[in-house]
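Peer 1: Just one file: structure.cif, with mmCIF, C-alpha atoms.
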data_coords
#
loop_
_atom_site.group_PDB
_atom_site.id
_atom_site.type_symbol
_atom_site.label_atom_id
_atom_site.label_comp_id
_atom_site.auth_asym_id
_atom_site.auth_seq_id
_atom_site.Cartn_x
_atom_site.Cartn_y
_atom_site.Cartn_z
ATOM 1 C CA PRO A 1 -20.806 22.913 -1.506
ATOM 2 C CA ARG A 2 -19.383 21.398 -4.673
ATOM 3 C CA LEU A 3 -19.632 17.949 -3.139
ATOM 4 C CA LEU A 4 -23.261 18.487 -2.180
ATOM 5 C CA LEU A 5 -23.972 19.730 -5.706
ATOM 6 C CA ALA A 6 -22.334 16.615 -7.134
ATOM 7 C CA VAL A 7 -24.377 14.389 -4.834
ATOM 8 C CA SER A 8 -27.581 16.106 -5.920
ATOM 9 C CA ILE A 9 -26.785 15.877 -9.607
ATOM 10 C CA PHE A 10 -25.756 12.211 -9.487
ATOM 11 C CA ALA A 11 -28.724 11.283 -7.300
ATOM 12 C CA VAL A 12 -31.169 12.888 -9.720
ATOM 13 C CA VAL A 13 -29.551 11.334 -12.777
ATOM 14 C CA LEU A 14 -29.226 7.848 -11.309
ATOM 15 C CA LEU A 15 -32.658 7.732 -9.731
ATOM 16 C CA ALA A 16 -34.264 9.094 -12.885
ATOM 17 C CA ALA A 17 -32.441 6.507 -14.984
ATOM 18 C CA VAL A 18 -33.821 3.520 -13.066
ATOM 19 C CA PRO A 19 -37.447 2.429 -13.555
ATOM 20 C CA ARG A 20 -39.565 2.598 -10.393
ATOM 21 C CA ALA A 21 -40.710 -0.683 -8.910
ATOM 22 C CA GLY A 22 -44.160 -1.541 -10.153
ATOM 23 C CA ALA A 23 -43.995 0.855 -13.110
ATOM 24 C CA GLN A 24 -46.395 0.037 -15.929
ATOM 25 C CA THR A 25 -44.907 -1.543 -19.009
ATOM 26 C CA ALA A 26 -45.871 -0.485 -22.494
ATOM 27 C CA PRO A 27 -48.423 -2.575 -24.405
ATOM 28 C CA SER A 28 -47.023 -5.072 -26.843
ATOM 29 C CA GLY A 29 -46.214 -3.429 -30.138
ATOM 30 C CA GLY A 30 -46.304 0.105 -28.711
ATOM 31 C CA ILE A 31 -43.682 2.742 -29.410
ATOM 32 C CA ALA A 32 -42.115 2.280 -25.971
ATOM 33 C CA ALA A 33 -41.603 -1.409 -26.754
ATOM 34 C CA LEU A 34 -38.623 -0.353 -28.847
ATOM 35 C CA ASP A 35 -36.830 0.605 -25.630
ATOM 36 C CA LEU A 36 -37.296 -2.751 -23.912
ATOM 37 C CA PRO A 37 -34.025 -4.487 -22.937
ATOM 38 C CA GLU A 38 -32.935 -7.490 -24.916
ATOM 39 C CA MET A 39 -33.426 -10.920 -23.405
ATOM 40 C CA GLY A 40 -30.249 -12.293 -21.864
ATOM 41 C CA GLU A 41 -29.171 -8.900 -20.465
ATOM 42 C CA PRO A 42 -30.783 -8.757 -17.019
ATOM 43 C CA ALA A 43 -28.616 -5.789 -16.041
ATOM 44 C CA ASP A 44 -30.562 -3.728 -18.581
ATOM 45 C CA LEU A 45 -33.608 -4.020 -16.344
ATOM 46 C CA THR A 46 -31.788 -1.820 -13.840
ATOM 47 C CA LEU A 47 -29.523 0.317 -16.003
ATOM 48 C CA SER A 48 -29.573 0.207 -19.803
ATOM 49 C CA PRO A 49 -26.542 1.164 -21.930
ATOM 50 C CA ALA A 50 -28.347 4.372 -22.932
ATOM 51 C CA GLN A 51 -28.916 5.239 -19.278
ATOM 52 C CA GLU A 52 -25.276 4.453 -18.486
ATOM 53 C CA ALA A 53 -24.216 6.816 -21.279
ATOM 54 C CA LYS A 54 -26.402 9.558 -19.796
ATOM 55 C CA ILE A 55 -24.806 9.069 -16.390
ATOM 56 C CA GLY A 56 -21.356 9.230 -17.996
ATOM 57 C CA ASP A 57 -22.232 12.532 -19.674
ATOM 58 C CA GLU A 58 -23.411 14.014 -16.383
ATOM 59 C CA VAL A 59 -20.298 12.847 -14.543
ATOM 60 C CA ALA A 60 -18.026 14.257 -17.264
ATOM 61 C CA SER A 61 -19.865 17.576 -17.051
ATOM 62 C CA GLU A 62 -19.397 17.662 -13.285
ATOM 63 C CA LEU A 63 -15.683 16.898 -13.620
ATOM 64 C CA TYR A 64 -15.286 19.916 -15.887
ATOM 65 C CA ARG A 65 -17.657 22.131 -13.946
ATOM 66 C CA GLY A 66 -16.044 21.383 -10.601
ATOM 67 C CA ASN A 67 -12.469 21.694 -11.923
ATOM 68 C CA TYR A 68 -11.687 18.210 -10.626
ATOM 69 C CA ALA A 69 -9.818 17.239 -13.797
ATOM 70 C CA VAL A 70 -6.245 18.310 -14.520
ATOM 71 C CA ASP A 71 -6.332 20.757 -17.419
ATOM 72 C CA ASP A 72 -3.165 19.804 -19.290
ATOM 73 C CA VAL A 73 -3.281 18.788 -22.940
ATOM 74 C CA GLU A 74 -0.072 16.753 -23.003
ATOM 75 C CA LEU A 75 -0.867 14.747 -19.871
ATOM 76 C CA ASN A 76 -4.444 14.110 -20.963
ATOM 77 C CA ASP A 77 -3.318 13.027 -24.427
ATOM 78 C CA TYR A 78 -0.827 10.622 -22.878
ATOM 79 C CA ILE A 79 -3.424 9.012 -20.592
ATOM 80 C CA ALA A 80 -5.970 8.814 -23.416
ATOM 81 C CA SER A 81 -3.466 7.169 -25.772
ATOM 82 C CA MET A 82 -2.666 4.570 -23.109
ATOM 83 C CA GLY A 83 -6.360 4.028 -22.456
ATOM 84 C CA TRP A 84 -7.244 3.474 -26.094
ATOM 85 C CA ARG A 85 -4.238 1.211 -26.599
ATOM 86 C CA LEU A 86 -5.713 -1.005 -23.879
ATOM 87 C CA ALA A 87 -9.306 -0.601 -25.060
ATOM 88 C CA ALA A 88 -8.367 -1.839 -28.525
ATOM 89 C CA LYS A 89 -7.572 -5.232 -26.966
ATOM 90 C CA GLY A 90 -10.517 -5.324 -24.604
ATOM 91 C CA SER A 91 -13.457 -5.860 -26.908
ATOM 92 C CA VAL A 92 -14.413 -5.907 -30.574
ATOM 93 C CA THR A 93 -16.171 -2.545 -30.280
ATOM 94 C CA PRO A 94 -14.769 -0.510 -27.368
ATOM 95 C CA PRO A 95 -17.290 1.687 -25.557
ATOM 96 C CA LYS A 96 -17.050 5.461 -25.690
ATOM 97 C CA PHE A 97 -14.308 5.788 -23.099
ATOM 98 C CA ARG A 98 -13.333 9.177 -21.694
ATOM 99 C CA PHE A 99 -10.165 9.414 -19.619
ATOM 100 C CA PHE A 100 -9.506 12.005 -16.934
ATOM 101 C CA VAL A 101 -6.533 12.801 -14.724
ATOM 102 C CA ILE A 102 -8.027 13.886 -11.396
ATOM 103 C CA SER A 103 -6.322 16.678 -9.475
ATOM 104 C CA ASP A 104 -5.956 14.665 -6.286
ATOM 105 C CA PRO A 105 -2.636 13.612 -4.687
ATOM 106 C CA ARG A 106 -4.116 10.440 -3.185
ATOM 107 C CA ILE A 107 -3.649 7.015 -4.782
ATOM 108 C CA ASN A 108 -6.944 6.191 -6.427
ATOM 109 C CA ALA A 109 -8.736 5.425 -9.674
ATOM 110 C CA PHE A 110 -12.388 4.920 -10.537
ATOM 111 C CA ALA A 111 -14.715 3.850 -13.311
ATOM 112 C CA VAL A 112 -18.215 5.217 -13.873
ATOM 113 C CA PRO A 113 -20.991 3.820 -16.097
ATOM 114 C CA GLY A 114 -20.851 5.459 -19.488
ATOM 115 C CA GLY A 115 -17.121 4.939 -19.987
ATOM 116 C CA ILE A 116 -15.625 7.470 -17.570
ATOM 117 C CA ILE A 117 -12.193 6.433 -16.301
ATOM 118 C CA GLY A 118 -10.561 8.614 -13.666
ATOM 119 C CA ILE A 119 -6.910 8.326 -12.692
ATOM 120 C CA ASN A 120 -5.782 10.356 -9.682
ATOM 121 C CA ALA A 121 -2.569 12.307 -10.047
ATOM 122 C CA GLY A 122 -1.379 10.546 -6.896
ATOM 123 C CA LEU A 123 -1.663 7.164 -8.566
ATOM 124 C CA MET A 124 0.347 8.423 -11.525
ATOM 125 C CA LEU A 125 3.094 9.518 -9.131
ATOM 126 C CA TYR A 126 2.995 6.245 -7.171
ATOM 127 C CA ALA A 127 3.418 3.980 -10.209
ATOM 128 C CA ASP A 128 7.042 3.006 -10.866
ATOM 129 C CA ASN A 129 6.572 2.180 -14.531
ATOM 130 C CA GLU A 130 4.070 2.321 -17.364
ATOM 131 C CA SER A 131 2.981 -1.305 -16.926
ATOM 132 C CA GLU A 132 1.849 -0.630 -13.355
ATOM 133 C CA LEU A 133 -0.263 2.269 -14.577
ATOM 134 C CA ALA A 134 -1.601 0.134 -17.438
ATOM 135 C CA GLY A 135 -2.615 -2.570 -14.962
ATOM 136 C CA VAL A 136 -4.820 -0.154 -13.052
ATOM 137 C CA MET A 137 -6.296 1.339 -16.228
ATOM 138 C CA GLY A 138 -7.045 -2.092 -17.677
ATOM 139 C CA HIS A 139 -8.719 -3.106 -14.421
ATOM 140 C CA GLU A 140 -10.935 0.010 -14.414
ATOM 141 C CA GLN A 141 -11.860 -0.441 -18.079
ATOM 142 C CA ALA A 142 -12.995 -3.982 -17.310
ATOM 143 C CA HIS A 143 -15.402 -2.615 -14.682
ATOM 144 C CA VAL A 144 -17.014 -0.561 -17.467
ATOM 145 C CA THR A 145 -17.059 -3.182 -20.223
ATOM 146 C CA GLN A 146 -18.429 -5.832 -17.867
ATOM 147 C CA ARG A 147 -21.048 -3.369 -16.564
ATOM 148 C CA HIS A 148 -20.336 -4.165 -12.949
ATOM 149 C CA ILE A 149 -22.390 -1.360 -11.427
ATOM 150 C CA ALA A 150 -25.469 -2.305 -13.451
ATOM 151 C CA ARG A 151 -24.979 -5.966 -12.610
ATOM 152 C CA THR A 152 -24.522 -5.240 -8.928
ATOM 153 C CA ALA A 153 -27.639 -3.106 -8.834
ATOM 154 C CA ASN A 154 -29.573 -5.810 -10.668
ATOM 155 C CA ASP A 155 -28.354 -8.527 -8.294
ATOM 156 C CA THR A 156 -29.402 -6.476 -5.267
ATOM 157 C CA ARG A 157 -32.794 -5.214 -6.322
ATOM 158 C CA THR A 158 -33.282 -3.371 -3.039
ATOM 159 C CA ALA A 159 -30.314 -1.136 -3.849
ATOM 160 C CA ASN A 160 -30.767 2.543 -3.094
ATOM 161 C CA LEU A 161 -29.092 4.200 -6.074
ATOM 162 C CA ALA A 162 -28.675 7.415 -4.127
ATOM 163 C CA THR A 163 -25.884 5.506 -2.368
ATOM 164 C CA TYR A 164 -24.093 5.030 -5.685
ATOM 165 C CA ALA A 165 -24.498 8.724 -6.395
ATOM 166 C CA ALA A 166 -23.108 9.695 -3.012
ATOM 167 C CA MET A 167 -20.065 7.444 -3.271
ATOM 168 C CA LEU A 168 -19.266 8.569 -6.823
ATOM 169 C CA ALA A 169 -19.525 12.181 -5.750
ATOM 170 C CA ALA A 170 -17.272 11.581 -2.746
ATOM 171 C CA ILE A 171 -14.659 9.839 -4.884
ATOM 172 C CA ILE A 172 -14.662 12.502 -7.584
ATOM 173 C CA ALA A 173 -14.675 15.410 -5.153
ATOM 174 C CA GLY A 174 -11.641 13.847 -3.443
ATOM 175 C CA SER A 175 -12.385 15.466 -0.116
ATOM 176 C CA ALA A 176 -9.822 14.704 2.593
ATOM 177 C CA ASN A 177 -12.406 15.494 5.264
ATOM 178 C CA PRO A 178 -13.899 12.187 6.491
ATOM 179 C CA ASP A 179 -16.904 14.027 7.934
ATOM 180 C CA VAL A 180 -17.834 15.243 4.456
ATOM 181 C CA ILE A 181 -17.586 11.736 3.018
ATOM 182 C CA VAL A 182 -19.646 10.295 5.870
ATOM 183 C CA GLY A 183 -22.235 12.989 5.251
ATOM 184 C CA ALA A 184 -22.391 12.100 1.586
ATOM 185 C CA LEU A 185 -22.789 8.429 2.387
ATOM 186 C CA ALA A 186 -25.636 9.284 4.759
ATOM 187 C CA VAL A 187 -27.772 9.907 1.667
ATOM 188 C CA GLY A 188 -27.985 6.149 1.297
ATOM 189 C CA GLN A 189 -27.568 5.066 4.900
ATOM 190 C CA SER A 190 -30.731 2.954 4.739
ATOM 191 C CA VAL A 191 -28.794 0.270 2.840
ATOM 192 C CA ASN A 192 -25.535 -1.499 3.433
ATOM 193 C CA TYR A 193 -23.337 0.807 1.332
ATOM 194 C CA GLN A 194 -20.324 -1.473 1.639
ATOM 195 C CA ARG A 195 -22.236 -4.170 -0.200
ATOM 196 C CA GLU A 196 -24.037 -1.854 -2.586
ATOM 197 C CA VAL A 197 -21.190 0.429 -3.651
ATOM 198 C CA ASN A 198 -17.994 -1.546 -3.458
ATOM 199 C CA TYR A 199 -17.474 -3.967 -6.273
ATOM 200 C CA THR A 200 -18.032 -7.512 -5.121
ATOM 201 C CA ARG A 201 -15.074 -9.851 -4.865
ATOM 202 C CA SER A 202 -16.236 -11.689 -7.975
ATOM 203 C CA HIS A 203 -16.308 -8.441 -9.948
ATOM 204 C CA GLU A 204 -12.860 -7.498 -8.693
ATOM 205 C CA GLN A 205 -11.528 -10.892 -9.764
ATOM 206 C CA GLU A 206 -13.164 -10.520 -13.152
ATOM 207 C CA ALA A 207 -11.702 -7.036 -13.612
ATOM 208 C CA ASP A 208 -8.267 -8.327 -12.605
ATOM 209 C CA ARG A 209 -8.507 -11.264 -14.995
ATOM 210 C CA ILE A 210 -9.684 -9.181 -17.964
ATOM 211 C CA GLY A 211 -7.436 -6.236 -17.171
ATOM 212 C CA ILE A 212 -4.269 -8.315 -16.979
ATOM 213 C CA ARG A 213 -5.125 -10.061 -20.252
ATOM 214 C CA ILE A 214 -5.706 -6.870 -22.221
ATOM 215 C CA MET A 215 -2.575 -5.191 -20.841
ATOM 216 C CA SER A 216 -0.533 -8.218 -21.907
ATOM 217 C CA GLU A 217 -2.076 -8.180 -25.386
ATOM 218 C CA ALA A 218 -1.417 -4.438 -25.609
ATOM 219 C CA GLY A 219 2.293 -5.041 -25.076
ATOM 220 C CA TYR A 220 2.627 -4.168 -21.390
ATOM 221 C CA ASP A 221 4.254 -6.386 -18.789
ATOM 222 C CA PRO A 222 1.428 -8.281 -16.994
ATOM 223 C CA GLU A 223 3.613 -8.428 -13.888
ATOM 224 C CA GLY A 224 2.890 -4.699 -13.559
ATOM 225 C CA MET A 225 -0.556 -5.351 -12.091
ATOM 226 C CA ALA A 226 0.809 -7.775 -9.508
ATOM 227 C CA SER A 227 3.697 -5.494 -8.518
ATOM 228 C CA PHE A 228 1.379 -2.519 -8.067
ATOM 229 C CA PHE A 229 -1.055 -4.528 -5.942
ATOM 230 C CA GLY A 230 1.882 -5.848 -3.946
ATOM 231 C CA LYS A 231 3.087 -2.334 -3.111
ATOM 232 C CA LEU A 232 -0.413 -1.312 -2.026
ATOM 233 C CA GLU A 233 -0.825 -4.407 0.123
ATOM 234 C CA GLN A 234 2.502 -3.743 1.822
ATOM 235 C CA GLN A 235 1.607 -0.118 2.438
ATOM 236 C CA SER A 236 -1.722 -1.129 3.972
ATOM 237 C CA ARG A 237 0.124 -3.351 6.454
ATOM 238 C CA LEU A 238 2.863 -0.878 7.323
ATOM 239 C CA TYR A 239 0.745 2.263 7.408
ATOM 240 C CA ALA A 240 -2.686 1.122 8.508
ATOM 241 C CA SER A 241 -3.680 4.662 9.457
ATOM 242 C CA GLN A 242 -2.859 5.957 5.976
ATOM 243 C CA VAL A 243 -4.509 3.372 3.775
ATOM 244 C CA PRO A 244 -4.581 4.498 0.110
ATOM 245 C CA GLU A 245 -8.017 5.502 -1.154
ATOM 246 C CA PHE A 246 -7.673 2.837 -3.849
ATOM 247 C CA LEU A 247 -7.841 0.100 -1.219
ATOM 248 C CA ARG A 248 -11.178 1.312 0.142
ATOM 249 C CA THR A 249 -13.001 0.411 -3.062
ATOM 250 C CA HIS A 250 -10.513 -2.185 -4.352
ATOM 251 C CA PRO A 251 -9.460 -4.261 -1.311
ATOM 252 C CA VAL A 252 -6.073 -5.899 -1.859
ATOM 253 C CA ASN A 253 -4.756 -8.782 0.229
ATOM 254 C CA THR A 254 -2.009 -11.372 -0.125
ATOM 255 C CA SER A 255 -4.414 -13.748 -1.870
ATOM 256 C CA ARG A 256 -5.280 -11.214 -4.550
ATOM 257 C CA VAL A 257 -1.627 -10.358 -5.112
ATOM 258 C CA ALA A 258 -0.821 -14.068 -5.451
ATOM 259 C CA GLU A 259 -3.665 -14.524 -7.943
ATOM 260 C CA ALA A 260 -2.376 -11.617 -10.033
ATOM 261 C CA ARG A 261 1.136 -13.078 -10.037
ATOM 262 C CA ALA A 262 -0.201 -16.512 -11.018
ATOM 263 C CA ARG A 263 -2.118 -15.015 -13.938
ATOM 264 C CA ALA A 264 0.916 -13.001 -15.039
ATOM 265 C CA ALA A 265 3.041 -16.168 -15.025
ATOM 266 C CA GLN A 266 0.631 -17.792 -17.492
ATOM 267 C CA LEU A 267 0.784 -14.913 -19.972
ATOM 268 C CA PRO A 268 3.538 -13.990 -22.419
ATOM 269 C CA ARG A 269 5.903 -11.533 -20.771
ATOM 270 C CA PRO A 270 7.220 -9.225 -23.472
ATOM 271 C CA THR A 271 10.450 -7.331 -23.153
ATOM 272 C CA VAL A 272 9.184 -3.888 -22.265
ATOM 273 C CA LYS A 273 11.677 -1.064 -22.522
ATOM 274 C CA PRO A 274 11.140 1.921 -20.199
ATOM 275 C CA ASN A 275 9.062 4.524 -21.991
ATOM 276 C CA PRO A 276 10.735 7.937 -21.600
ATOM 277 C CA GLU A 277 7.331 9.578 -22.101
ATOM 278 C CA PHE A 278 6.096 7.963 -18.872
ATOM 279 C CA ALA A 279 8.949 9.548 -16.926
ATOM 280 C CA LEU A 280 8.238 12.907 -18.549
ATOM 281 C CA MET A 281 4.502 12.717 -17.788
ATOM 282 C CA LYS A 282 5.204 11.636 -14.220
ATOM 283 C CA ALA A 283 7.491 14.641 -13.743
ATOM 284 C CA ARG A 284 4.913 16.867 -15.436
ATOM 285 C CA THR A 285 2.245 15.610 -13.037
ATOM 286 C CA GLN A 286 4.471 16.343 -10.068
ATOM 287 C CA VAL A 287 4.992 19.923 -11.271
ATOM 288 C CA LEU A 288 1.289 20.445 -11.979
ATOM 289 C CA MET A 289 0.309 19.149 -8.536
ATOM 290 C CA ALA A 290 2.922 21.390 -6.869
#
Spit out the file's structure as structure tokens when you get a sec.

Peer 2:
Amino acid sequence: PRLLLAVSIFAVVLLAAVPRAGAQTAPSGGIAALDLPEMGEPADLTLSPAQEAKIGDEVASELYRGNYAVDDVELNDYIASMGWRLAAKGSVTPPKFRFFVISDPRINAFAVPGGIIGINAGLMLYADNESELAGVMGHEQAHVTQRHIARTANDTRTANLATYAAMLAAIIAGSANPDVIVGALAVGQSVNYQREVNYTRSHEQEADRIGIRIMSEAGYDPEGMASFFGKLEQQSRLYASQVPEFLRTHPVNTSRVAEARARAAQLPRPTVKPNPEFALMKARTQVLMA
């Protein structure tokens, strides 16, 4: 029931946020003209920054309402401090990021328009060091700052945004029942959800490139992104029946791992001492999930 509620909420918010095809535009000089997107930002025609912020607010409300987020001050403060350390290197004016630890033992992370970054508890437990965690967080932040969902929707004008709503709800709800996820995806079955929902390869490459740069500038080891991708790629080959959730929306192959390693080799590799706080927060997560 919570999943269906999430689907309904996201579908209403997303569909309401996007102008209907053929909608009348305001006369030149009218009050509504103030809301017209700026030239040079075609993504605004599909999803404006104000609309993205509204979606982010609704998603954050659902995370709290559905008790999907881990309610632990110390762990949340730690993730937020890491997130803002990265965000400070990502752009001149960072967006209004909000960071959540999701109470889900599976390896996954997600980014939602409006600055919502979700890190599954399972991913926190799977990371061997802080740089690996920073690599994933930097990657997800890049999806937000580069407005990949708005750009994807703009590039595929026939997109059914109910599909986006369904996939976001399924990810956040973290249901282990594949029938429930398939049912959620059926909301948008009239379109090719793989193309519409999953980030395109070019967006994944862009997020990798930007994410690895900002983590390096923030003082993390850029090799962390490559090592984390390498572990996921190996797991996908050895345990094909238990593919991490992360790989379903962020496909990793040997080529992508090699690209991450090549980028890391071109960046300064600082001497990063193990952060005892990471070990403490990892142990804290394990206790909370138990």

Peer 1: Report the residues retrieved by the PyMOL selection byres ((chain A and resi 101) around 8) from the displayed file, expressed as a PyMOL selection string.

Peer 2: chain A and resi 69-70+75-76+79+99-100+102-103+118-121

Peer 1: I need the output of the PyMOL selection byres ((chain A and resi 117) around 9) for this file as an MDAnalysis selection string; which residues are they?

Peer 2: chainID A and resid 83 97:101 109:112 115:116 118:119 137 140:141 144

Peer 1: Do you have the CA of Leu125 in chain A-CA of Leu288 in chain A distance handy?

Peer 2: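 Separation between CA of Leu125 in chain A and CA of Leu288 in chain A: 11.4 Å.
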
Peer 1: Every residue with an atom at most 12 Å from (-23.7, 7.1, -26.3) (file coordinates; all atoms listed in the file) is what I'm after, so could you write them as a PDB file with C-alpha atoms, keeping the file's coordinate frame?

Peer 2:
ATOM      1  CA  SER A  48     -29.573   0.207 -19.803  1.00  0.00           C
ATOM      2  CA  PRO A  49     -26.542   1.164 -21.930  1.00  0.00           C
ATOM      3  CA  ALA A  50     -28.347   4.372 -22.932  1.00  0.00           C
ATOM      4  CA  GLN A  51     -28.916   5.239 -19.278  1.00  0.00           C
ATOM      5  CA  GLU A  52     -25.276   4.453 -18.486  1.00  0.00           C
ATOM      6  CA  ALA A  53     -24.216   6.816 -21.279  1.00  0.00           C
ATOM      7  CA  LYS A  54     -26.402   9.558 -19.796  1.00  0.00           C
ATOM      8  CA  ILE A  55     -24.806   9.069 -16.390  1.00  0.00           C
ATOM      9  CA  GLY A  56     -21.356   9.230 -17.996  1.00  0.00           C
ATOM     10  CA  ASP A  57     -22.232  12.532 -19.674  1.00  0.00           C
ATOM     11  CA  PRO A  94     -14.769  -0.510 -27.368  1.00  0.00           C
ATOM     12  CA  PRO A  95     -17.290   1.687 -25.557  1.00  0.00           C
ATOM     13  CA  LYS A  96     -17.050   5.461 -25.690  1.00  0.00           C
ATOM     14  CA  PHE A  97     -14.308   5.788 -23.099  1.00  0.00           C
ATOM     15  CA  ARG A  98     -13.333   9.177 -21.694  1.00  0.00           C
ATOM     16  CA  PRO A 113     -20.991   3.820 -16.097  1.00  0.00           C
ATOM     17  CA  GLY A 114     -20.851   5.459 -19.488  1.00  0.00           C
ATOM     18  CA  GLY A 115     -17.121   4.939 -19.987  1.00  0.00           C
ATOM     19  CA  ILE A 116     -15.625   7.470 -17.570  1.00  0.00           C
TER      20      ILE A 116
END

Peer 1: (1.3, 6.1, -8.2) in this file's frame - what residues fall within 12 Å of it? Use all atoms listed in the file and give the answer as number ranges by chain.

Peer 2: A: 104-109, 119-136, 227-229, 231-232, 244-246, 278, 282-283, 285-286

Peer 1: In Å, how far is it from CA of Ile210 in chain A to CA of Arg256 in chain A?

Peer 2: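 CA of Arg256 in chain A lies 14.3 Å from CA of Ile210 in chain A.
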
Peer 1: Give the padded box for range 51-64 of chain A as lines of an AutoDock Vina configuration file: axis-aligned, covering all atoms listed in the file, 3 Å on each side, centre and edge lengths in Å to one decimal.

Peer 2:
center_x = -22.1
center_y = 12.2
center_z = -17.3
size_x = 19.6
size_y = 21.5
size_z = 14.0

Peer 1: For the atom pair CA of Thr254 in chain A and CA of Gln146 in chain A, what is the interatomic distance in Å to one decimal place?

Peer 2: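 Computing it gives 24.8 Å between the two atoms.
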
Peer 1: Output the residue selection produced by the PyMOL selection byres ((chain A and resi 213-222) around 7) on the file above, formatted as a PDB file with C-alpha atoms, in the frame of the given file.

Peer 2:
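Written out: part.pdb:
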ATOM      1  CA  ARG A  85      -4.238   1.211 -26.599  1.00  0.00           C
ATOM      2  CA  LEU A  86      -5.713  -1.005 -23.879  1.00  0.00           C
ATOM      3  CA  LYS A  89      -7.572  -5.232 -26.966  1.00  0.00           C
ATOM      4  CA  GLY A  90     -10.517  -5.324 -24.604  1.00  0.00           C
ATOM      5  CA  SER A 131       2.981  -1.305 -16.926  1.00  0.00           C
ATOM      6  CA  ALA A 134      -1.601   0.134 -17.438  1.00  0.00           C
ATOM      7  CA  GLY A 135      -2.615  -2.570 -14.962  1.00  0.00           C
ATOM      8  CA  GLY A 138      -7.045  -2.092 -17.677  1.00  0.00           C
ATOM      9  CA  ARG A 209      -8.507 -11.264 -14.995  1.00  0.00           C
ATOM     10  CA  ILE A 210      -9.684  -9.181 -17.964  1.00  0.00           C
ATOM     11  CA  GLY A 211      -7.436  -6.236 -17.171  1.00  0.00           C
ATOM     12  CA  ILE A 212      -4.269  -8.315 -16.979  1.00  0.00           C
ATOM     13  CA  GLU A 223       3.613  -8.428 -13.888  1.00  0.00           C
ATOM     14  CA  GLY A 224       2.890  -4.699 -13.559  1.00  0.00           C
ATOM     15  CA  MET A 225      -0.556  -5.351 -12.091  1.00  0.00           C
ATOM     16  CA  ALA A 264       0.916 -13.001 -15.039  1.00  0.00           C
ATOM     17  CA  ARG A 269       5.903 -11.533 -20.771  1.00  0.00           C
ATOM     18  CA  PRO A 270       7.220  -9.225 -23.472  1.00  0.00           C
ATOM     19  CA  VAL A 272       9.184  -3.888 -22.265  1.00  0.00           C
TER      20      VAL A 272
END

Peer 1: Taking into account all atoms listed in the file, which residue in the set A:Val257, A:Val73, A:Ala290, A:Met82 is nearest to Asn275 in chain A?

Peer 2: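 Distance minimum relative to Asn275 in chain A lands on A:Met82.
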
Peer 1: Could you check which of A:Ala226, A:Leu63, A:Ala80, A:Met289 is closest to Ala262 in chain A, using all atoms listed in the file?

Peer 2: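 The answer is A:Ala226, which sits nearest to Ala262 in chain A.
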